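Chemist: File run-v5.txt below, compact mmCIF, C-alpha atoms:
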```txt
# COMPACT_ATOMS: atom_id res chain seq x y z
CA MET A 30 0.00 0.00 0.00
CA THR A 31 1.38 3.39 -0.85
CA LEU A 32 0.61 6.94 0.05
CA GLU A 33 1.98 8.98 -2.80
CA THR A 34 2.44 12.74 -3.11
CA ARG A 35 1.99 14.20 -6.60
CA ASN A 36 2.04 17.95 -7.21
CA GLY A 37 1.54 18.45 -3.46
CA ASN A 38 -1.54 16.24 -3.33
CA LEU A 39 -1.84 12.92 -1.47
CA TYR A 40 -3.00 9.83 -3.35
CA TYR A 41 -3.52 6.43 -1.81
CA TYR A 42 -3.12 3.20 -3.79
CA ARG A 43 -3.28 -0.45 -2.94
CA SER A 44 -1.43 -3.16 -4.85
CA VAL A 45 -3.83 -5.78 -6.19
CA ARG A 46 -2.81 -9.04 -7.85
CA ASP A 47 -4.67 -9.65 -11.08
CA GLY A 48 -3.59 -13.07 -12.28
CA GLU A 49 0.10 -12.83 -13.10
CA ARG A 50 0.16 -9.07 -12.89
CA VAL A 51 0.13 -6.71 -9.96
CA ARG A 52 -1.70 -3.45 -10.53
CA LYS A 53 -2.31 -0.39 -8.41
CA ALA A 54 -5.88 0.27 -7.33
CA TYR A 55 -6.78 3.85 -6.57
CA LEU A 56 -8.37 4.26 -3.13
CA GLY A 57 -8.60 7.95 -2.54
CA ALA A 58 -6.94 11.35 -2.41
CA GLY A 59 -6.34 14.13 0.11
CA GLU A 60 -7.61 13.62 3.68
CA ILE A 61 -9.42 10.44 2.68
CA ALA A 62 -6.08 9.02 1.50
CA ARG A 63 -4.46 9.81 4.84
CA ILE A 64 -7.35 8.29 6.83
CA GLU A 65 -7.38 5.17 4.65
CA SER A 66 -3.61 4.82 5.01
CA GLU A 67 -3.72 5.10 8.80
CA ALA A 68 -6.63 2.66 9.02
CA ASP A 69 -4.63 0.19 6.95
CA ILE A 70 -1.61 0.58 9.23
CA LEU A 71 -3.81 -0.13 12.27
CA ARG A 72 -5.45 -3.09 10.56
CA ARG A 73 -2.06 -4.57 9.67
CA ALA A 74 -0.76 -4.08 13.21
CA GLY A 75 -3.86 -5.86 14.52
CA GLN A 76 -3.37 -8.74 12.11
CA GLU A 77 0.30 -9.04 13.05
CA ALA A 78 -0.59 -9.06 16.76
CA GLN A 79 -3.14 -11.81 16.15
CA ARG A 80 -0.64 -13.87 14.17
CA GLU A 81 1.82 -13.45 17.04
CA ARG A 82 -0.81 -14.61 19.56
CA GLU A 83 -1.61 -17.61 17.41
CA ARG A 84 2.06 -18.44 16.98
CA ALA A 85 2.56 -18.36 20.77
CA GLU A 86 -0.56 -20.49 21.25
CA MET A 87 0.66 -23.07 18.73
CA GLU A 88 4.05 -23.23 20.45
CA ARG A 89 2.29 -23.82 23.77
CA LEU A 90 0.17 -26.60 22.29
CA GLU A 91 3.17 -28.25 20.69
CA ALA A 92 5.07 -28.04 24.00
CA LEU A 93 2.12 -29.71 25.75
CA ALA A 94 1.94 -32.48 23.17
CA ALA A 95 5.71 -33.10 22.88
CA PRO A 96 6.15 -35.34 25.96
CA LEU A 97 3.21 -37.49 24.86
CA LEU A 98 4.54 -37.91 21.37
CA GLU A 99 7.86 -38.98 22.81
CA LEU A 100 6.11 -41.26 25.29
CA SER A 101 4.39 -42.85 22.29
CA GLU A 102 7.70 -43.50 20.61
CA VAL A 103 9.27 -44.94 23.77
CA ALA A 104 6.23 -47.18 24.32
CA GLU A 105 6.41 -48.41 20.74
CA VAL A 106 10.10 -49.32 21.02
CA LEU A 107 9.53 -51.12 24.32
CA ALA A 108 6.41 -52.94 23.15
CA ARG A 109 8.20 -54.09 20.03
CA ALA A 110 11.26 -55.21 22.04
CA HIS A 111 9.06 -57.17 24.45
CA LEU A 112 7.08 -58.83 21.69
CA VAL A 113 10.18 -59.76 19.71
CA ALA A 114 11.94 -61.02 22.84
CA SER A 115 8.84 -63.09 23.66
CA GLY A 116 9.13 -64.86 20.35
CA CYS A 117 6.72 -62.84 18.22
CA HIS A 118 7.57 -61.73 14.73
CA ARG A 119 6.10 -59.21 12.34
CA HIS A 120 4.19 -60.39 9.34
CA LYS A 121 2.89 -57.72 6.97
CA GLY A 122 2.96 -55.12 9.74
CA GLU A 123 1.18 -57.38 12.25
CA TYR A 124 2.93 -59.15 15.10
CA ARG A 125 2.31 -62.87 15.32
CA ARG A 126 3.35 -65.52 17.74
CA ALA A 127 6.16 -67.63 16.32
CA ARG A 128 5.23 -71.13 15.28
CA GLY A 129 6.09 -73.52 18.09
CA ALA A 130 6.37 -70.84 20.76
CA ALA A 131 5.04 -72.01 24.09
CA ARG A 132 1.49 -71.02 25.00
CA SER A 133 2.39 -70.80 28.62
CA ALA A 134 5.57 -70.12 30.57
CA MET B 22 13.84 -46.71 15.69
CA PRO B 23 12.49 -43.22 16.29
CA GLU B 24 14.92 -40.39 16.26
CA ALA B 25 15.72 -39.32 19.80
CA ARG B 26 14.47 -35.81 20.53
CA PRO B 27 16.13 -34.60 23.70
CA GLY B 28 14.20 -32.82 26.38
CA ALA B 29 10.54 -33.73 26.22
CA LEU B 30 10.49 -36.88 28.34
CA GLU B 31 13.55 -36.11 30.41
CA LEU B 32 14.75 -39.68 30.25
CA SER B 33 18.28 -40.14 31.51
CA PRO B 34 20.99 -40.42 28.85
CA ASN B 35 21.51 -43.98 30.03
CA ALA B 36 17.84 -44.82 29.48
CA ARG B 37 17.94 -43.23 26.02
CA ASP B 38 20.99 -45.27 25.10
CA ARG B 39 19.24 -48.42 26.28
CA LEU B 40 16.18 -47.58 24.21
CA ALA B 41 18.30 -47.07 21.12
CA GLU B 42 20.04 -50.37 21.83
CA LEU B 43 16.70 -52.15 22.29
CA GLY B 44 15.49 -50.75 18.98
CA VAL B 45 18.55 -52.00 17.12
CA LEU B 46 18.44 -55.43 18.76
CA SER B 47 14.71 -55.79 18.01
CA GLU B 48 15.39 -55.15 14.35
CA LYS B 49 18.19 -57.70 14.25
CA ALA B 50 16.14 -60.27 16.15
CA GLU B 51 13.20 -59.76 13.82
CA ALA B 52 15.53 -60.35 10.90
CA GLY B 53 16.32 -63.77 12.38
CA ASP B 54 19.47 -63.08 14.40
CA LYS B 55 19.20 -65.52 17.31
CA ASP B 56 22.09 -63.99 19.27
CA ALA B 57 20.37 -60.61 18.99
CA ARG B 58 17.17 -62.10 20.42
CA LYS B 59 19.12 -63.58 23.31
CA GLU B 60 20.85 -60.26 23.94
CA LEU B 61 17.50 -58.47 23.65
CA ARG B 62 16.04 -60.66 26.41
CA ARG B 63 19.05 -60.04 28.61
CA LEU B 64 18.90 -56.29 28.06
CA LEU B 65 15.14 -56.19 28.69
CA ARG B 66 15.57 -58.03 31.98
CA SER B 67 18.34 -55.74 33.11
CA SER B 68 17.24 -52.36 31.89
CA SER B 69 13.64 -51.98 30.80
CA ALA B 70 12.51 -51.53 34.41
CA GLU B 71 14.08 -48.09 34.65
CA VAL B 72 12.89 -46.99 31.23
CA ILE B 73 9.34 -48.27 31.70
CA GLY B 74 9.03 -46.84 35.20
CA ARG B 75 10.40 -43.47 34.20
CA ALA B 76 8.36 -43.18 31.00
CA ALA B 77 5.13 -44.22 32.79
CA ASP B 78 5.80 -41.69 35.52
CA ILE B 79 6.49 -38.88 33.07
CA GLY B 80 3.44 -39.86 31.02
CA ARG B 81 1.31 -39.57 34.17
CA LYS B 82 2.73 -36.12 34.88
CA ALA B 83 2.10 -35.02 31.30
CA GLY B 84 -1.51 -36.21 31.61
CA ARG B 85 -1.98 -34.14 34.75
CA THR B 86 -0.44 -31.07 33.10
CA LEU B 87 -2.92 -31.44 30.25
CA ALA B 88 -5.81 -31.83 32.70
CA ARG B 89 -4.68 -28.67 34.50
CA THR B 90 -4.56 -26.81 31.18
CA ALA B 91 -7.99 -28.11 30.17
CA ALA B 92 -9.43 -27.03 33.54
CA GLY B 93 -8.28 -23.46 32.89
CA GLY B 94 -7.74 -22.70 36.56
CA ASP B 95 -11.05 -24.11 37.81
CA PRO B 96 -10.11 -26.38 40.77
CA LEU B 97 -13.33 -28.42 40.56
CA THR B 98 -12.84 -29.24 36.88
CA GLU B 99 -9.18 -29.98 37.54
CA GLU B 100 -10.01 -32.47 40.30
CA ALA B 101 -12.76 -34.02 38.20
CA LEU B 102 -10.33 -34.53 35.33
CA PHE B 103 -7.67 -36.01 37.63
CA ALA B 104 -10.31 -38.42 38.96
CA LYS B 105 -11.40 -39.26 35.42
CA LEU B 106 -7.78 -40.03 34.41
CA ASP B 107 -7.30 -42.23 37.49
CA ALA B 108 -10.53 -44.09 36.79
CA MET B 109 -9.49 -44.64 33.18
CA ARG B 110 -6.10 -45.96 34.32
CA VAL B 111 -7.72 -48.52 36.60
CA GLU B 112 -10.29 -49.53 34.00
CA ILE B 113 -7.85 -49.84 31.10
CA ALA B 114 -4.94 -51.41 33.00
CA GLY B 115 -7.25 -54.06 34.44
CA GLU B 116 -6.31 -56.59 37.10
CA ASP B 117 -2.64 -57.16 37.78
CA PRO B 118 -1.16 -55.39 34.74
CA THR B 119 2.42 -56.03 33.62
CA PRO B 120 4.74 -52.99 33.71
CA LEU B 121 4.52 -52.77 29.93
CA GLU B 122 0.72 -52.72 30.12
CA VAL B 123 0.95 -49.95 32.72
CA LEU B 124 3.12 -47.92 30.36
CA LEU B 125 0.80 -48.53 27.42
CA THR B 126 -2.20 -47.66 29.59
CA GLU B 127 -0.52 -44.41 30.60
CA ARG B 128 -0.02 -43.64 26.95
CA VAL B 129 -3.68 -44.30 26.11
CA VAL B 130 -4.92 -42.20 29.04
CA SER B 131 -2.68 -39.20 28.43
CA LEU B 132 -3.36 -39.24 24.70
CA TRP B 133 -7.09 -39.31 25.43
CA MET B 134 -6.61 -36.18 27.55
CA LEU B 135 -4.63 -34.49 24.79
CA THR B 136 -7.26 -35.38 22.17
CA ALA B 137 -10.09 -34.15 24.38
CA LEU B 138 -8.27 -30.89 25.09
CA LEU B 139 -7.51 -30.26 21.42
CA GLU B 140 -11.07 -31.09 20.38
CA THR B 141 -12.36 -28.51 22.85
CA LEU B 142 -9.89 -25.92 21.61
CA VAL B 143 -10.68 -26.52 17.96
CA SER B 144 -14.45 -26.53 18.44
CA SER B 145 -14.25 -23.30 20.46
CA GLN B 146 -12.70 -21.59 17.43
CA TYR B 147 -15.84 -22.18 15.42
CA ARG B 148 -18.15 -20.54 17.92
CA LYS B 149 -19.59 -17.16 17.07
CA THR B 150 -17.10 -14.50 18.15
CA THR B 151 -18.17 -12.01 20.75
CA GLY B 152 -16.72 -8.77 22.09
CA GLU B 153 -13.00 -8.20 21.65
CA ARG B 154 -12.17 -11.76 20.62
CA LYS B 155 -11.38 -12.04 16.95
CA ARG B 156 -12.03 -15.04 14.76
CA SER B 157 -8.89 -17.13 14.29
CA THR B 158 -7.12 -17.14 10.97
CA PRO B 159 -7.64 -20.13 8.65
CA SER B 160 -3.96 -21.10 8.84
CA TYR B 161 -4.19 -21.27 12.63
CA LEU B 162 -7.32 -23.42 12.45
CA LEU B 163 -5.58 -25.67 9.97
CA GLN B 164 -2.54 -26.08 12.21
CA GLN B 165 -4.72 -26.86 15.21
CA SER B 166 -6.69 -29.40 13.21
CA ARG B 167 -3.46 -31.07 12.12
CA ILE B 168 -2.27 -31.41 15.72
CA LEU B 169 -5.69 -32.80 16.68
CA GLU B 170 -5.60 -35.27 13.81
CA SER B 171 -2.11 -36.42 14.78
CA ALA B 172 -3.10 -36.81 18.46
CA ASN B 173 -6.24 -38.72 17.49
CA ARG B 174 -4.27 -41.05 15.23
CA ARG B 175 -1.77 -41.73 18.01
CA TYR B 176 -4.56 -42.26 20.51
CA LEU B 177 -6.20 -44.92 18.34
CA ALA B 178 -2.81 -46.50 17.61
CA ALA B 179 -2.10 -46.61 21.36
CA ILE B 180 -5.35 -48.50 21.99
CA ARG B 181 -4.56 -50.94 19.20
CA GLU B 182 -1.02 -51.45 20.52
CA LEU B 183 -2.23 -52.22 24.03
CA ALA B 184 -4.77 -54.70 22.70
CA ARG B 185 -2.14 -56.33 20.51
CA VAL B 186 0.40 -56.61 23.34
CA ARG B 187 -2.25 -58.15 25.60
CA LYS B 188 -3.31 -60.64 22.99
CA LEU B 189 0.24 -61.71 22.16
CA GLN B 190 1.47 -61.66 25.75
CA ALA B 191 -1.29 -64.05 26.66
CA THR B 192 0.11 -66.64 24.26
CA ALA B 193 3.83 -65.89 23.95
CA LEU B 194 6.73 -66.70 26.22
CA PRO B 195 6.84 -64.07 28.94
CA VAL B 196 9.87 -61.86 29.46
CA GLN B 197 10.30 -61.15 33.11
CA VAL B 198 10.77 -57.52 33.99
CA ASN B 199 11.76 -56.93 37.56
CA THR B 200 9.94 -53.75 38.30
CA GLN B 201 6.85 -52.53 40.03
CA VAL B 202 4.87 -49.60 38.75
CA ASN B 203 2.17 -48.46 41.11
CA ILE B 204 -1.02 -47.15 39.65
CA LEU B 205 -3.42 -45.09 41.66
CA ARG B 206 -6.51 -47.02 42.59
```
Take the structure I supplied and represent it as structure tokens, if you would.

Modeler:
Amino acid sequence: MTLETRNGNLYYYRSVRDGERVRKAYLGAGEIARIESEADILRRAGQEAQRERERAEMERLEALAAPLLELSEVAEVLARAHLVASGCHRHKGEYRRARGAARSA
Amino acid sequence: MPEARPGALELSPNARDRLAELGVLSEKAEAGDKDARKELRRLLRSSSAEVIGRAADIGRKAGRTLARTAAGGDPLTEEALFAKLDAMRVEIAGEDPTPLEVLLTERVVSLWMLTALLETLVSSQYRKTTGERKRSTPSYLLQQSRILESANRRYLAAIRELARVRKLQATALPVQVNTQVNILR
């Protein structure tokens, strides 16, 4: 967004993407241009603050979830180790008891 | 073998090394290496107690942290959620669980809490906005939904894993693990 001065007058434009091209859209001149420009600045600051809040919230959520994701991985390694040690083997992603393995200890 | 990410679980470096070793030995044993299977049994007997106990304990703490977050400072809700988690532990672990079952139960319970918390957070974003609160951006909603989806997937996988371990443990040779993990009853 640009606030341009031409021959001492203020003009306010906004860049608009039109397919491959970017063109300037005229928004106003004089006092209206200044008001529009300041409103845009405020709007952008608000959007940036919200993005920052959301970023912080996402970081908090990820921090909350991290120990559980790691717990999942640890549990998977241990479960696999126990099953393999107990004589099970994997067949097409499924663990099966090895042929001939005892049914009771 | 999952890549070790330091920090989250606060497992000791020794426990992490043992986990990595267990992962490698499991792979070799699955590929038919009999010595690896023997070594895997020995290592499980000597070391899985610490890892299981520690991971189950940290999982329990993580579950309580999530419950506290979900309660949002309301002591009654917090206590109700703690009680709910304890009741789930008892119900899922069943009578006389093995340490591995306790760990897998802890995983199911804490992932349930995470899924419930995320579902609440995501659904609250779709409510009509009032006052100062602004509607969340689509990218934020998308990220939240992805975390929820991942937690939900892990939660279901955890249930399946527990069921599978139970089924196979009931028929396979047991591996003795000399540890005791107390669950709140």

Chemist: As an exercise, work out the distance from atom CA of A:Arg35 to atom CA of A:Gly75 in Å and give it to one decimal place.

Modeler: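 Between atom CA of A:Arg35 and atom CA of A:Gly75 the gap is 29.7 Å.
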
Chemist: If you take only C-alpha atoms and a cut-off of 12 Å, which residues of stretch 88-115 of chain A touch stretch 90-98 of chain B, and what are their nearest atom pairs and distances in Å to one decimal, in chain and number order, as a Markdown table?

Modeler:
```
| residue | atom | partner | partner_atom | distance |
| --- | --- | --- | --- | --- |
| A:Arg89 | CA | B:Thr90 | CA | 10.5 |
| A:Leu90 | CA | B:Thr90 | CA | 10.1 |
| A:Leu93 | CA | B:Thr90 | CA | 9.1 |
| A:Ala94 | CA | B:Thr90 | CA | 11.8 |
```

Chemist: Can I get the selected residues back with C-alpha atoms, as a PDB file, in the frame of the given file?

Modeler:
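selection14.pdb was written with the following content:
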```
ATOM      1  CA  ARG A  89       2.290 -23.820  23.770  1.00  0.00           C
ATOM      2  CA  LEU A  90       0.170 -26.600  22.290  1.00  0.00           C
ATOM      3  CA  LEU A  93       2.120 -29.710  25.750  1.00  0.00           C
ATOM      4  CA  ALA A  94       1.940 -32.480  23.170  1.00  0.00           C
TER       5      ALA A  94
END
```

Chemist: What are the residues of chain A lining chain B at 12 Å or less? Count all atoms listed in the file, and put the answer as a tab-separated table (two decimals) with C-alpha atoms, in the coordinates of the input.

Modeler:
```
chain	number	residue	atom	x	y	z
A	75	GLY	CA	-3.86	-5.86	14.52
A	76	GLN	CA	-3.37	-8.74	12.11
A	77	GLU	CA	0.30	-9.04	13.05
A	78	ALA	CA	-0.59	-9.06	16.76
A	79	GLN	CA	-3.14	-11.81	16.15
A	80	ARG	CA	-0.64	-13.87	14.17
A	81	GLU	CA	1.82	-13.45	17.04
A	82	ARG	CA	-0.81	-14.61	19.56
A	83	GLU	CA	-1.61	-17.61	17.41
A	84	ARG	CA	2.06	-18.44	16.98
A	85	ALA	CA	2.56	-18.36	20.77
A	86	GLU	CA	-0.56	-20.49	21.25
A	87	MET	CA	0.66	-23.07	18.73
A	88	GLU	CA	4.05	-23.23	20.45
A	89	ARG	CA	2.29	-23.82	23.77
A	90	LEU	CA	0.17	-26.60	22.29
A	91	GLU	CA	3.17	-28.25	20.69
A	92	ALA	CA	5.07	-28.04	24.00
A	93	LEU	CA	2.12	-29.71	25.75
A	94	ALA	CA	1.94	-32.48	23.17
A	95	ALA	CA	5.71	-33.10	22.88
A	96	PRO	CA	6.15	-35.34	25.96
A	97	LEU	CA	3.21	-37.49	24.86
A	98	LEU	CA	4.54	-37.91	21.37
A	99	GLU	CA	7.86	-38.98	22.81
A	100	LEU	CA	6.11	-41.26	25.29
A	101	SER	CA	4.39	-42.85	22.29
A	102	GLU	CA	7.70	-43.50	20.61
A	103	VAL	CA	9.27	-44.94	23.77
A	104	ALA	CA	6.23	-47.18	24.32
A	105	GLU	CA	6.41	-48.41	20.74
A	106	VAL	CA	10.10	-49.32	21.02
A	107	LEU	CA	9.53	-51.12	24.32
A	108	ALA	CA	6.41	-52.94	23.15
A	109	ARG	CA	8.20	-54.09	20.03
A	110	ALA	CA	11.26	-55.21	22.04
A	111	HIS	CA	9.06	-57.17	24.45
A	112	LEU	CA	7.08	-58.83	21.69
A	113	VAL	CA	10.18	-59.76	19.71
A	114	ALA	CA	11.94	-61.02	22.84
A	115	SER	CA	8.84	-63.09	23.66
A	116	GLY	CA	9.13	-64.86	20.35
A	117	CYS	CA	6.72	-62.84	18.22
A	118	HIS	CA	7.57	-61.73	14.73
A	119	ARG	CA	6.10	-59.21	12.34
A	120	HIS	CA	4.19	-60.39	9.34
A	122	GLY	CA	2.96	-55.12	9.74
A	123	GLU	CA	1.18	-57.38	12.25
A	124	TYR	CA	2.93	-59.15	15.10
A	125	ARG	CA	2.31	-62.87	15.32
A	126	ARG	CA	3.35	-65.52	17.74
A	127	ALA	CA	6.16	-67.63	16.32
A	128	ARG	CA	5.23	-71.13	15.28
A	129	GLY	CA	6.09	-73.52	18.09
A	130	ALA	CA	6.37	-70.84	20.76
A	131	ALA	CA	5.04	-72.01	24.09
A	132	ARG	CA	1.49	-71.02	25.00
A	133	SER	CA	2.39	-70.80	28.62
A	134	ALA	CA	5.57	-70.12	30.57
```

Chemist: Quick check, in Å to one decimal: how far apart do atom CA of B:Ser33 and atom CA of B:Arg85 lie?

Modeler: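 Computed distance, atom CA of B:Ser33 to atom CA of B:Arg85, equals 21.4 Å.
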
Chemist: Which residues, protein or nucleic acid, reach to within 9 Å of (-1.8, 3.3, 4.0) in the file's coordinates when using all atoms listed in the file, and can you give that as a list in words?

Modeler: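 Those residues lying close to the given coordinates are Met30, Thr31, Leu32, Tyr41, Tyr42, Arg43, Ala62, Arg63, Ile64, Glu65, Ser66, Glu67, Ala68, Asp69 and Ile70 of chain A.
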
Chemist: To one decimal in Å, tell me the separation between atom CA of A:Leu56 and atom CA of A:Tyr40.

Modeler: 7.7 Å

Chemist: Where atoms are absent from stretch 43-67 of chain A, fill them in so it carries N, CA and C atoms, then output it as a CSV table (one decimal), in the coordinates of the input.

Modeler:
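Result file is part04.csv:
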```
chain,number,residue,atom,x,y,z
A,43,ARG,N,-3.5,0.9,-3.5
A,43,ARG,CA,-3.3,-0.4,-2.9
A,43,ARG,C,-2.9,-1.4,-4.1
A,44,SER,N,-1.8,-2.2,-3.8
A,44,SER,CA,-1.4,-3.2,-4.8
A,44,SER,C,-2.4,-4.4,-4.9
A,45,VAL,N,-2.9,-4.7,-6.1
A,45,VAL,CA,-3.8,-5.8,-6.2
A,45,VAL,C,-3.3,-6.8,-7.2
A,46,ARG,N,-3.3,-8.0,-6.9
A,46,ARG,CA,-2.8,-9.0,-7.8
A,46,ARG,C,-4.0,-9.4,-8.8
A,47,ASP,N,-3.7,-9.3,-10.1
A,47,ASP,CA,-4.7,-9.6,-11.1
A,47,ASP,C,-4.1,-10.7,-12.0
A,48,GLY,N,-4.2,-12.0,-11.6
A,48,GLY,CA,-3.6,-13.1,-12.3
A,48,GLY,C,-2.1,-13.0,-12.1
A,49,GLU,N,-1.4,-12.9,-13.2
A,49,GLU,CA,0.1,-12.8,-13.1
A,49,GLU,C,0.6,-11.4,-12.8
A,50,ARG,N,-0.3,-10.5,-13.0
A,50,ARG,CA,0.2,-9.1,-12.9
A,50,ARG,C,-0.3,-8.5,-11.6
A,51,VAL,N,0.5,-7.5,-11.1
A,51,VAL,CA,0.1,-6.7,-10.0
A,51,VAL,C,-0.2,-5.3,-10.4
A,52,ARG,N,-1.4,-4.8,-10.1
A,52,ARG,CA,-1.7,-3.4,-10.5
A,52,ARG,C,-2.1,-2.6,-9.3
A,53,LYS,N,-2.0,-1.3,-9.5
A,53,LYS,CA,-2.3,-0.4,-8.4
A,53,LYS,C,-3.8,0.0,-8.5
A,54,ALA,N,-4.5,-0.1,-7.3
A,54,ALA,CA,-5.9,0.3,-7.3
A,54,ALA,C,-6.0,1.6,-6.6
A,55,TYR,N,-6.6,2.5,-7.2
A,55,TYR,CA,-6.8,3.8,-6.6
A,55,TYR,C,-7.8,3.8,-5.4
A,56,LEU,N,-7.4,4.3,-4.3
A,56,LEU,CA,-8.4,4.3,-3.1
A,56,LEU,C,-8.9,5.6,-2.7
A,57,GLY,N,-8.1,6.6,-2.9
A,57,GLY,CA,-8.6,8.0,-2.5
A,57,GLY,C,-7.5,9.0,-2.6
A,58,ALA,N,-7.9,10.3,-2.4
A,58,ALA,CA,-6.9,11.4,-2.4
A,58,ALA,C,-7.2,12.3,-1.2
A,59,GLY,N,-6.2,13.1,-0.9
A,59,GLY,CA,-6.3,14.1,0.1
A,59,GLY,C,-6.5,13.5,1.5
A,60,GLU,N,-7.4,14.1,2.3
A,60,GLU,CA,-7.6,13.6,3.7
A,60,GLU,C,-8.1,12.2,3.7
A,61,ILE,N,-8.9,11.8,2.7
A,61,ILE,CA,-9.4,10.4,2.7
A,61,ILE,C,-8.3,9.5,2.5
A,62,ALA,N,-7.3,9.9,1.7
A,62,ALA,CA,-6.1,9.0,1.5
A,62,ALA,C,-5.3,8.8,2.8
A,63,ARG,N,-5.2,9.9,3.6
A,63,ARG,CA,-4.5,9.8,4.8
A,63,ARG,C,-5.2,8.9,5.8
A,64,ILE,N,-6.5,9.1,5.9
A,64,ILE,CA,-7.4,8.3,6.8
A,64,ILE,C,-7.3,6.8,6.4
A,65,GLU,N,-7.4,6.6,5.1
A,65,GLU,CA,-7.4,5.2,4.6
A,65,GLU,C,-6.0,4.5,5.0
A,66,SER,N,-5.0,5.3,4.8
A,66,SER,CA,-3.6,4.8,5.0
A,66,SER,C,-3.4,4.5,6.5
A,67,GLU,N,-3.9,5.4,7.4
A,67,GLU,CA,-3.7,5.1,8.8
A,67,GLU,C,-4.6,3.9,9.3
```
